[in-house]
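**Q** Quick one, data-v3.pdb (PDB, C-alpha atoms and all ligand atoms):
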```
MODEL        1
ATOM      1  CA  MET Q 943      99.013  73.019  71.297
ATOM      2  CA  GLY Q 944     102.185  74.994  72.141
ATOM      3  CA  LEU Q 945     102.462  77.788  74.635
ATOM      4  CA  THR Q 946      99.182  79.628  75.286
ATOM      5  CA  TYR Q 947      98.180  82.595  77.411
ATOM      6  CA  SER Q 948      96.824  80.211  80.066
ATOM      7  CA  SER Q 949      99.729  77.817  80.111
ATOM      8  CA  TYR Q 950     102.328  80.609  80.190
ATOM      9  CA  LEU Q 951     100.644  82.361  83.140
ATOM     10  CA  LYS Q 952      99.721  79.095  84.891
ATOM     11  CA  LEU Q 953      96.163  80.396  85.078
ATOM     12  CA  ASP Q 954      94.588  77.105  86.182
ATOM     13  CA  GLU Q 955      96.873  77.054  89.227
ATOM     14  CA  LEU Q 956      96.616  80.801  89.848
ATOM     15  CA  LEU Q 957      92.816  80.913  89.739
ATOM     16  CA  SER Q 958      92.463  77.889  92.003
ATOM     17  CA  LEU Q 959      94.381  79.618  94.824
ATOM     18  CA  GLN Q 960      91.536  81.800  96.176
ATOM     19  CA  ARG Q 961      89.948  79.552  98.776
ATOM     20  CA  PRO Q 962      87.651  81.213 101.333
ATOM     21  CA  VAL Q 963      87.547  79.616 104.794
ATOM     22  CA  SER Q 964      84.189  81.127 105.910
ATOM     23  CA  ASP Q 965      80.878  79.269 105.734
ATOM     24  CA  GLY Q 966      78.761  80.213 102.775
ATOM     25  CA  PRO Q 967      81.407  81.440 101.910
ATOM     26  CA  GLU Q 968      80.949  85.089 102.895
ATOM     27  CA  HIS Q 969      80.856  87.287  99.786
ATOM     28  CA  ASP Q 970      83.633  89.727 100.838
ATOM     29  CA  GLU Q 971      86.211  87.109 101.676
ATOM     30  CA  THR Q 972      87.077  86.695  97.995
ATOM     31  CA  LEU Q 973      88.089  90.367  97.764
ATOM     32  CA  PHE Q 974      90.107  90.029 100.980
ATOM     33  CA  ILE Q 975      92.048  87.044  99.629
ATOM     34  CA  VAL Q 976      92.576  88.483  96.148
ATOM     35  CA  ILE Q 977      93.872  91.806  97.454
ATOM     36  CA  HIS Q 978      96.353  90.177  99.818
ATOM     37  CA  GLN Q 979      97.589  87.854  97.083
ATOM     38  CA  VAL Q 980      97.998  90.792  94.713
ATOM     39  CA  TYR Q 981      99.992  92.590  97.430
ATOM     40  CA  GLU Q 982     102.307  89.633  97.842
ATOM     41  CA  LEU Q 983     102.888  89.561  94.067
ATOM     42  CA  TRP Q 984     103.746  93.271  94.080
ATOM     43  CA  PHE Q 985     106.041  92.737  97.090
ATOM     44  CA  LYS Q 986     107.788  90.032  95.058
ATOM     45  CA  GLU Q 987     108.195  92.384  92.096
ATOM     46  CA  ILE Q 988     109.448  95.283  94.243
ATOM     47  CA  LEU Q 989     112.058  93.002  95.875
ATOM     48  CA  HIS Q 990     113.089  91.824  92.398
ATOM     49  CA  GLU Q 991     113.553  95.445  91.250
ATOM     50  CA  ILE Q 992     115.400  96.567  94.386
ATOM     51  CA  ASP Q 993     117.826  93.654  94.063
ATOM     52  CA  TYR Q 994     118.409  94.746  90.461
ATOM     53  CA  LEU Q 995     118.837  98.359  91.581
ATOM     54  CA  LYS Q 996     121.543  97.294  94.024
ATOM     55  CA  ARG Q 997     123.389  95.538  91.191
ATOM     56  CA  LEU Q 998     123.075  98.619  88.957
ATOM     57  CA  LEU Q 999     124.508 100.806  91.721
ATOM     58  CA  ALA Q1000     127.404  98.375  92.113
ATOM     59  CA  GLN Q1001     128.081  98.910  88.382
ATOM     60  CA  ASN Q1002     127.979 102.736  88.817
ATOM     61  CA  ASP Q1003     125.039 102.864  86.405
ATOM     62  CA  ALA Q1004     123.159 106.029  87.445
ATOM     63  CA  PRO Q1005     120.784 106.281  84.425
ATOM     64  CA  ARG Q1006     119.480 102.730  84.762
ATOM     65  CA  SER Q1007     119.309 103.075  88.547
ATOM     66  CA  LEU Q1008     117.045 106.104  88.108
ATOM     67  CA  HIS Q1009     114.920 104.190  85.607
ATOM     68  CA  THR Q1010     114.543 101.223  87.973
ATOM     69  CA  LEU Q1011     113.693 103.492  90.890
ATOM     70  CA  LYS Q1012     110.981 105.078  88.760
ATOM     71  CA  ARG Q1013     109.459 101.640  88.173
ATOM     72  CA  VAL Q1014     109.490 100.834  91.888
ATOM     73  CA  LEU Q1015     107.873 104.189  92.681
ATOM     74  CA  THR Q1016     105.159 103.612  90.092
ATOM     75  CA  ILE Q1017     104.364 100.210  91.613
ATOM     76  CA  LEU Q1018     104.282 101.793  95.062
ATOM     77  CA  LYS Q1019     101.613 104.261  93.860
ATOM     78  CA  VAL Q1020      99.480 101.319  92.692
ATOM     79  CA  VAL Q1021     100.051  99.481  95.962
ATOM     80  CA  VAL Q1022      98.936 102.516  98.012
ATOM     81  CA  ALA Q1023      95.901 103.100  95.748
ATOM     82  CA  GLN Q1024      94.769  99.490  96.236
ATOM     83  CA  ILE Q1025      93.801 100.362  99.794
ATOM     84  CA  ASP Q1026      90.820 102.275  98.301
ATOM     85  CA  VAL Q1027      89.471  98.976  96.976
ATOM     86  CA  LEU Q1028      89.633  97.239 100.359
ATOM     87  CA  GLU Q1029      88.064 100.263 102.038
ATOM     88  CA  THR Q1030      84.853  99.524 100.131
ATOM     89  CA  MET Q1031      84.469  96.630 102.617
ATOM     90  CA  THR Q1032      82.455  97.820 105.644
ATOM     91  CA  PRO Q1033      83.257  96.823 109.262
ATOM     92  CA  LEU Q1034      80.249  94.454 109.295
ATOM     93  CA  GLU Q1035      81.282  92.821 106.031
ATOM     94  CA  PHE Q1036      84.764  92.204 107.475
ATOM     95  CA  LEU Q1037      83.328  90.898 110.750
ATOM     96  CA  SER Q1038      81.312  88.328 108.792
ATOM     97  CA  PHE Q1039      84.515  86.284 108.288
ATOM     98  CA  ARG Q1040      87.165  87.872 110.555
ATOM     99  CA  GLU Q1041      86.959  85.154 113.233
ATOM    100  CA  ARG Q1042      87.836  82.540 110.653
ATOM    101  CA  LEU Q1043      91.218  84.207 110.061
ATOM    102  CA  GLU Q1044      92.308  82.909 113.509
ATOM    103  CA  SER Q1045      95.803  84.311 114.180
ATOM    104  CA  GLY Q1046      96.584  84.988 110.492
ATOM    105  CA  SER Q1047      97.698  88.590 109.881
ATOM    106  CA  GLY Q1048      99.694  90.712 107.420
ATOM    107  CA  PHE Q1049     102.061  91.029 110.374
ATOM    108  CA  GLN Q1050     103.342  87.584 109.341
ATOM    109  CA  SER Q1051     104.113  88.601 105.736
ATOM    110  CA  PHE Q1052     107.751  87.562 105.338
ATOM    111  CA  GLN Q1053     108.064  89.448 102.054
ATOM    112  CA  PHE Q1054     107.002  92.653 103.820
ATOM    113  CA  ARG Q1055     109.750  92.036 106.402
ATOM    114  CA  GLU Q1056     112.192  91.350 103.550
ATOM    115  CA  LEU Q1057     111.243  94.732 102.103
ATOM    116  CA  GLU Q1058     111.858  96.420 105.438
ATOM    117  CA  PHE Q1059     115.223  94.645 105.712
ATOM    118  CA  VAL Q1060     116.391  95.553 102.190
ATOM    119  CA  LEU Q1061     115.353  99.157 102.877
ATOM    120  CA  GLY Q1062     117.515  99.204 105.997
ATOM    121  CA  ALA Q1063     114.993  98.592 108.808
ATOM    122  CA  THR Q1064     116.534  95.294 109.872
ATOM    123  CA  ASN Q1065     115.379  93.459 112.978
ATOM    124  CA  PRO Q1066     116.960  90.056 113.703
ATOM    125  CA  GLU Q1067     114.189  89.289 116.206
ATOM    126  CA  ALA Q1068     111.657  89.182 113.372
ATOM    127  CA  LEU Q1069     113.224  85.837 112.339
ATOM    128  CA  ASN Q1070     111.958  84.223 115.542
ATOM    129  CA  ARG Q1071     108.363  84.622 114.354
ATOM    130  CA  TYR Q1072     108.938  81.928 111.718
ATOM    131  CA  PRO Q1073     109.494  78.223 112.341
ATOM    132  CA  VAL Q1074     113.122  77.076 112.474
ATOM    133  CA  ALA Q1075     114.230  75.694 109.076
ATOM    134  CA  SER Q1076     111.199  77.226 107.296
ATOM    135  CA  GLU Q1077     111.732  78.854 103.897
ATOM    136  CA  SER Q1078     110.465  82.215 105.220
ATOM    137  CA  ARG Q1079     113.032  82.198 108.035
ATOM    138  CA  ARG Q1080     115.818  81.198 105.641
ATOM    139  CA  ARG Q1081     114.867  84.035 103.283
ATOM    140  CA  LEU Q1082     114.863  86.599 106.077
ATOM    141  CA  GLY Q1083     118.207  85.298 107.314
ATOM    142  CA  ARG Q1084     119.666  85.785 103.833
ATOM    143  CA  ARG Q1085     118.254  89.318 103.655
ATOM    144  CA  LEU Q1086     119.722  90.154 107.044
ATOM    145  CA  ALA Q1087     123.223  89.209 105.873
ATOM    146  CA  ASP Q1088     122.805  91.137 102.618
ATOM    147  CA  PRO Q1089     123.732  94.869 102.602
ATOM    148  CA  PRO Q1090     120.578  97.017 102.360
ATOM    149  CA  LEU Q1091     119.918  99.450  99.501
ATOM    150  CA  TRP Q1092     121.292 102.379 101.532
ATOM    151  CA  ASP Q1093     124.691 100.663 101.863
ATOM    152  CA  ALA Q1094     124.707  99.926  98.126
ATOM    153  CA  PHE Q1095     123.998 103.622  97.555
ATOM    154  CA  LEU Q1096     126.825 104.776  99.863
ATOM    155  CA  HIS Q1097     129.302 102.466  98.118
ATOM    156  CA  PHE Q1098     128.094 103.826  94.789
ATOM    157  CA  LEU Q1099     128.689 107.404  96.025
ATOM    158  CA  ALA Q1100     132.178 106.454  97.215
ATOM    159  CA  GLY Q1101     132.810 104.857  93.800
ATOM    160  CA  VAL Q1102     132.007 108.142  92.010
ATOM    161  CA  GLY Q1103     134.403 110.082  94.215
ATOM    162  CA  CYS Q1104     132.338 111.193  97.208
ATOM    163  CA  SER Q1105     134.154 111.238 100.524
ATOM    164  CA  VAL Q1106     131.689 109.005 102.363
ATOM    165  CA  PRO Q1107     132.948 108.510 105.958
ATOM    166  CA  SER Q1108     134.741 105.163 106.102
ATOM    167  CA  ASP Q1109     132.776 103.964 109.149
ATOM    168  CA  GLN Q1110     129.662 104.168 106.970
ATOM    169  CA  LEU Q1111     131.241 101.952 104.323
ATOM    170  CA  THR Q1112     132.249  99.286 106.826
ATOM    171  CA  ARG Q1113     129.267  99.398 109.195
ATOM    172  CA  ASP Q1114     127.595  96.184 110.403
ATOM    173  CA  VAL Q1115     124.917  95.752 107.731
ATOM    174  CA  THR Q1116     122.760  93.552 109.960
ATOM    175  CA  LYS Q1117     122.098  96.627 112.155
ATOM    176  CA  PRO Q1118     119.336  99.076 111.165
ATOM    177  CA  VAL Q1119     120.342 102.163 109.189
ATOM    178  CA  VAL Q1120     120.523 105.164 111.541
ATOM    179  CA  ALA Q1121     121.333 108.827 110.915
ATOM    180  CA  ALA Q1122     125.042 109.535 110.363
ATOM    181  CA  PRO Q1123     125.632 113.254 111.064
ATOM    182  CA  ALA Q1124     129.130 113.150 109.489
ATOM    183  CA  LEU Q1125     127.605 112.074 106.169
ATOM    184  CA  GLN Q1126     125.066 114.890 105.992
ATOM    185  CA  PRO Q1127     127.340 117.797 104.871
ATOM    186  CA  ILE Q1128     128.643 115.512 102.109
ATOM    187  CA  LEU Q1129     125.097 114.909 100.896
ATOM    188  CA  VAL Q1130     124.325 118.640 101.066
ATOM    189  CA  ASP Q1131     127.392 119.347  98.934
ATOM    190  CA  LEU Q1132     126.331 116.637  96.463
ATOM    191  CA  TYR Q1133     122.877 118.196  96.122
ATOM    192  CA  ARG Q1134     124.441 121.555  95.298
ATOM    193  CA  ARG Q1135     126.925 120.403  92.689
ATOM    194  CA  ASP Q1136     125.606 117.224  91.031
ATOM    195  CA  PRO Q1137     122.052 117.203  89.619
ATOM    196  CA  THR Q1138     122.121 113.488  88.698
ATOM    197  CA  MET Q1139     123.147 112.460  92.206
ATOM    198  CA  ALA Q1140     120.587 114.871  93.644
ATOM    199  CA  SER Q1141     117.903 113.194  91.468
ATOM    200  CA  LEU Q1142     118.905 109.787  92.772
ATOM    201  CA  CYS Q1143     118.633 111.061  96.350
ATOM    202  CA  GLU Q1144     115.209 112.567  95.611
ATOM    203  CA  ARG Q1145     113.945 109.293  94.156
ATOM    204  CA  LEU Q1146     115.108 107.532  97.351
ATOM    205  CA  VAL Q1147     113.149 110.096  99.366
ATOM    206  CA  ASP Q1148     110.120 109.344  97.148
ATOM    207  CA  LEU Q1149     110.551 105.658  97.939
ATOM    208  CA  ASP Q1150     110.798 106.373 101.652
ATOM    209  CA  GLU Q1151     107.775 108.694 101.585
ATOM    210  CA  GLY Q1152     105.776 106.208  99.484
ATOM    211  CA  PHE Q1153     106.341 103.452 102.018
ATOM    212  CA  GLN Q1154     105.316 105.767 104.859
ATOM    213  CA  GLU Q1155     102.224 106.687 102.888
ATOM    214  CA  TRP Q1156     101.293 103.003 102.657
ATOM    215  CA  ARG Q1157     101.722 102.608 106.429
ATOM    216  CA  TYR Q1158      99.515 105.663 107.068
ATOM    217  CA  ARG Q1159      96.784 104.487 104.665
ATOM    218  CA  HIS Q1160      96.909 100.981 106.152
ATOM    219  CA  VAL Q1161      96.483 102.230 109.729
ATOM    220  CA  LYS Q1162      93.567 104.471 108.664
ATOM    221  CA  MET Q1163      91.940 101.475 106.964
ATOM    222  CA  VAL Q1164      92.472  99.458 110.137
ATOM    223  CA  GLN Q1165      90.920 102.208 112.313
ATOM    224  CA  ARG Q1166      87.833 102.511 110.126
ATOM    225  CA  THR Q1167      87.395  98.740 109.838
ATOM    226  CA  ILE Q1168      88.123  97.425 113.356
ATOM    227  CA  GLY Q1169      88.442 100.595 115.471
ATOM    228  CA  THR Q1170      90.664  99.923 118.500
ATOM    229  CA  LYS Q1171      90.199  96.138 118.552
ATOM    230  CA  HIS Q1172      93.306  93.985 118.835
ATOM    231  CA  GLY Q1173      94.769  92.550 115.633
ATOM    232  CA  THR Q1174      94.385  88.913 114.591
ATOM    233  CA  GLY Q1175      98.197  88.781 114.751
ATOM    234  CA  GLY Q1176      98.015  89.452 118.502
ATOM    235  CA  SER Q1177      99.127  93.095 118.609
ATOM    236  CA  GLU Q1178      97.167  96.032 120.006
ATOM    237  CA  GLY Q1179      96.027  96.732 116.450
ATOM    238  CA  ALA Q1180      95.929 100.391 115.354
ATOM    239  CA  ALA Q1181      97.835 101.469 118.492
ATOM    240  CA  TYR Q1182     100.746  99.199 117.474
ATOM    241  CA  LEU Q1183     100.601 100.341 113.842
ATOM    242  CA  MET Q1184     100.770 104.003 114.930
ATOM    243  CA  THR Q1185     104.190 103.275 116.453
ATOM    244  CA  THR Q1186     105.501 102.273 113.005
ATOM    245  CA  LEU Q1187     104.659 105.649 111.399
ATOM    246  CA  ASN Q1188     107.196 108.412 110.767
ATOM    247  CA  LYS Q1189     110.200 106.120 110.884
ATOM    248  CA  PRO Q1190     112.159 106.897 107.719
ATOM    249  CA  PHE Q1191     114.386 104.317 106.045
ATOM    250  CA  PHE Q1192     116.919 106.954 104.965
ATOM    251  CA  PRO Q1193     117.098 109.410 107.907
ATOM    252  CA  ASP Q1194     120.075 111.380 106.529
ATOM    253  CA  LEU Q1195     118.169 112.326 103.383
ATOM    254  CA  TRP Q1196     115.424 113.838 105.563
ATOM    255  CA  ALA Q1197     117.832 115.508 107.997
ATOM    256  CA  ILE Q1198     119.629 117.494 105.274
ATOM    257  CA  ARG Q1199     116.424 119.290 104.130
ATOM    258  CA  THR Q1200     116.927 121.904 106.838
ATOM    259  CA  GLU Q1201     120.448 122.660 105.593
ATOM    260  CA  LEU Q1202     119.654 122.903 101.890
TER     261      LEU Q1202
HETATM  262  C1  LIG W1301      90.499  94.884 106.507
HETATM  263  C2  LIG W1301      91.759  94.990 106.170
HETATM  264  C3  LIG W1301      92.902  94.921 107.126
HETATM  265  C4  LIG W1301      92.908  94.988 108.499
HETATM  266  C5  LIG W1301      91.708  95.161 109.435
HETATM  267  C6  LIG W1301      94.280  94.861 108.915
HETATM  268  C7  LIG W1301      94.682  94.869 110.228
HETATM  269  C8  LIG W1301      95.984  94.802 110.656
HETATM  270  C9  LIG W1301      96.403  94.867 112.032
HETATM  271  C10 LIG W1301      95.472  95.040 113.222
HETATM  272  C11 LIG W1301      97.752  94.746 112.062
HETATM  273  C12 LIG W1301      98.657  94.720 113.303
HETATM  274  C13 LIG W1301      99.172  93.322 113.548
HETATM  275  C14 LIG W1301      98.115  92.393 114.135
HETATM  276  O1  LIG W1301      97.994  92.319 115.357
HETATM  277  O2  LIG W1301      97.427  91.710 113.362
HETATM  278  C15 LIG W1301      98.197  94.631 110.687
HETATM  279  C16 LIG W1301      99.501  94.515 110.287
HETATM  280  C17 LIG W1301      99.910  94.410 108.989
HETATM  281  N1  LIG W1301      99.096  94.335 107.874
HETATM  282 FE1  LIG W1301      97.110  94.607 107.836
HETATM  283  N2  LIG W1301      95.078  94.746 107.816
HETATM  284  C18 LIG W1301      94.290  94.769 106.709
HETATM  285  C19 LIG W1301      94.708  94.682 105.390
HETATM  286  C20 LIG W1301      96.005  94.498 105.000
HETATM  287  C21 LIG W1301      96.447  94.356 103.629
HETATM  288  C22 LIG W1301      95.573  94.386 102.382
HETATM  289  C23 LIG W1301      97.775  94.175 103.664
HETATM  290  C24 LIG W1301      98.643  93.933 102.474
HETATM  291  C25 LIG W1301      99.588  93.059 102.453
HETATM  292  C26 LIG W1301      98.207  94.218 105.039
HETATM  293  C27 LIG W1301      99.496  94.071 105.483
HETATM  294  C28 LIG W1301      99.893  94.214 106.783
HETATM  295  C29 LIG W1301     101.273  94.215 107.184
HETATM  296  C30 LIG W1301     102.485  94.086 106.278
HETATM  297  C31 LIG W1301     101.286  94.358 108.572
HETATM  298  C32 LIG W1301     102.520  94.472 109.462
HETATM  299  C33 LIG W1301     102.843  95.957 109.633
HETATM  300  C34 LIG W1301     104.003  96.237 110.572
HETATM  301  O3  LIG W1301     104.335  95.391 111.425
HETATM  302  O4  LIG W1301     104.604  97.337 110.445
HETATM  303  N3  LIG W1301      97.096  94.423 105.823
HETATM  304  N4  LIG W1301      97.110  94.663 109.862
ENDMDL
END
```
Would you kindly transcribe this structure into structure tokens?

**A**
Amino acid sequence: MGLTYSSYLKLDELLSLQRPVSDGPEHDETLFIVIHQVYELWFKEILHEIDYLKRLLAQNDAPRSLHTLKRVLTILKVVVAQIDVLETMTPLEFLSFRERLESGSGFQSFQFRELEFVLGATNPEALNRYPVASESRRRLGRRLADPPLWDAFLHFLAGVGCSVPSDQLTRDVTKPVVAAPALQPILVDLYRRDPTMASLCERLVDLDEGFQEWRYRHVKMVQRTIGTKHGTGGSEGAAYLMTTLNKPFFPDLWAIRTEL
């Protein structure tokens, strides 16, 4: 037999990858594993699309950039909505297998850190959480050296004739993106005179807001499931997660709202 649905999608391998560690096993652990695996697949797809988006921006292709951003935003909606599914698991159901997770935590998701890096929230110290010479550490190292989406966007704007301040075009891309007051009047002007560029900026704000929405929904899920207990990853749990809220990836796009 040639290619089939199962062989193409590697279903035998895929469906053998959900392996509970609890005794019994506990009923809810299957949902917990499936949802995290689905998240990692969506993270993979979002990274794939953002890398493509960066290439499209480098080619000055605004229409296809907008189209790709729309896809990423649609995935992000699904990813946020998935939290509803996990919230059907009660605190007691989670406690039935939580101890067996040992120190495993979403905190260790290297693809999530890659997403943060490509969106401009770089943090070289995050590499130290992964073993030297591991694939996850190598991947993060590569991401750190790679200009984030915001830099690709600024180069795109410069390429279409915007007077982006030169220090923004030559900044150290391994450093996190921070607000650049000198850039803001240029963005305000762009909003007023170029609807396509303004749409691109708005889609980036959607992306930023969508990610913040996920963080908010995740911390609420954590509060209702484990209260103020510490996380399996060793942090203070919800208290730590609260410190990650309201930190935009593209601060200039938020700052200009007051001036528009
Ligand atoms: C019952 C469900 C969940 C609970 C109780 C929970 C709990 C936590 C806690 C307490 C932390 C803080 C780090 C730590 O000390 O462990 C954390 C971080 C994290 N979790 Fe969850 N989580 C849950 C579901 C998920 C799901 C479904 C995902 C999807 C991938 C996820 C992804 C993450 C990520 C990426 C972080 C790091 C966030 C950051 O550092 O900004 N979590 N989680």

**Q** Show which residues sit within 12 Å of Leu999 in chain Q, as a ChimeraX atom specification. Count all atoms listed in the file, and ignore same-chain residues fewer than 2 positions away.

**A** /Q:992-997,1001-1011,1090-1102,1139,1142

**Q** Figure out the distance between CA of Phe1049 in chain Q and CA of Arg1071 in chain Q, please, to one decimal in Å.

**A**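 Between these atoms lies a distance of 9.8 Å.
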
**Q** Work out how far apart CA of Val1161 in chain Q and CA of Asp1026 in chain Q are and give it in Å to one decimal.

**A** 12.8 Å

**Q** Under the rule that all atoms listed in the file are counted, which of Q:Leu1015, Q:Leu1086, Q:Leu1187, Q:Leu1111 is the nearest residue to ligand LIG 1301 (chain W)?

**A**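 Checking each of Q:Leu1015, Q:Leu1086, Q:Leu1187, Q:Leu1111 against ligand LIG 1301 (chain W), counting all atoms listed in the file, the winner is Q:Leu1187.
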
**Q** Collect all residues with atoms no farther than 7 Å from ligand LIG 1301 (chain W), counting only C-alpha atoms and all ligand atoms, and output them as a ChimeraX atom specification.

**A** /Q:977-978,981-982,1025,1028,1036,1047-1051,1054,1160,1163-1164,1167-1168,1172-1180,1182-1183,1186

**Q** Output the residue selection produced by the PyMOL selection byres (((chain Q and resi 1195) around 9) and not hetatm) on the file above, formatted as a list in words.

**A**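 For this structure, the PyMOL selection byres (((chain Q and resi 1195) around 9) and not hetatm) captures Ala1121, Gln1126, Leu1129, Cys1143, Glu1144, Leu1146, Val1147, Phe1192, Pro1193, Asp1194, Trp1196, Ala1197, Ile1198 and Arg1199 of chain Q.
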
**Q** Give me, please, the distance in Å between CA of Tyr947 in chain Q and CA of Val1021 in chain Q, quoted to one decimal.

**A**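 According to the coordinates, CA of Tyr947 in chain Q and CA of Val1021 in chain Q are separated by 25.2 Å.
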
**Q** Name the closest residue to Phe1052 in chain Q among the candidates Q:Ile1017, Q:Leu989, Q:Val980, Q:Val1027; distances are taken between atoms, counting all atoms listed in the file.

**A**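 Of Q:Ile1017, Q:Leu989, Q:Val980, Q:Val1027, the one nearest Phe1052 in chain Q is Q:Leu989, counting all atoms listed in the file.
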
**Q** Please expand the PyMOL selection byres (((chain Q and resi 948-957) around 12) and not hetatm) into the concrete residues it hits in this file, giving the result as number ranges by chain.

**A** Q: 943-947, 958-961, 972, 975-976, 979-980, 983

**Q** Those residues you just picked out, can you put them in a file as a PDB file, in the coordinates of the input with C-alpha atoms?

**A**
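Result written to result-v2.pdb:
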```pdb
ATOM      1  CA  MET Q 943      99.013  73.019  71.297  1.00  0.00           C
ATOM      2  CA  GLY Q 944     102.185  74.994  72.141  1.00  0.00           C
ATOM      3  CA  LEU Q 945     102.462  77.788  74.635  1.00  0.00           C
ATOM      4  CA  THR Q 946      99.182  79.628  75.286  1.00  0.00           C
ATOM      5  CA  TYR Q 947      98.180  82.595  77.411  1.00  0.00           C
ATOM      6  CA  SER Q 958      92.463  77.889  92.003  1.00  0.00           C
ATOM      7  CA  LEU Q 959      94.381  79.618  94.824  1.00  0.00           C
ATOM      8  CA  GLN Q 960      91.536  81.800  96.176  1.00  0.00           C
ATOM      9  CA  ARG Q 961      89.948  79.552  98.776  1.00  0.00           C
ATOM     10  CA  THR Q 972      87.077  86.695  97.995  1.00  0.00           C
ATOM     11  CA  ILE Q 975      92.048  87.044  99.629  1.00  0.00           C
ATOM     12  CA  VAL Q 976      92.576  88.483  96.148  1.00  0.00           C
ATOM     13  CA  GLN Q 979      97.589  87.854  97.083  1.00  0.00           C
ATOM     14  CA  VAL Q 980      97.998  90.792  94.713  1.00  0.00           C
ATOM     15  CA  LEU Q 983     102.888  89.561  94.067  1.00  0.00           C
TER      16      LEU Q 983
END
```

**Q** Do you know which residues are at most 9 Å from Val963 in chain Q counting only C-alpha atoms, after dropping those on the same chain fewer than 4 positions away, and could you put them as a VMD selection string?

**A** chain Q and resid 967 to 968 971 1039 1042 to 1043
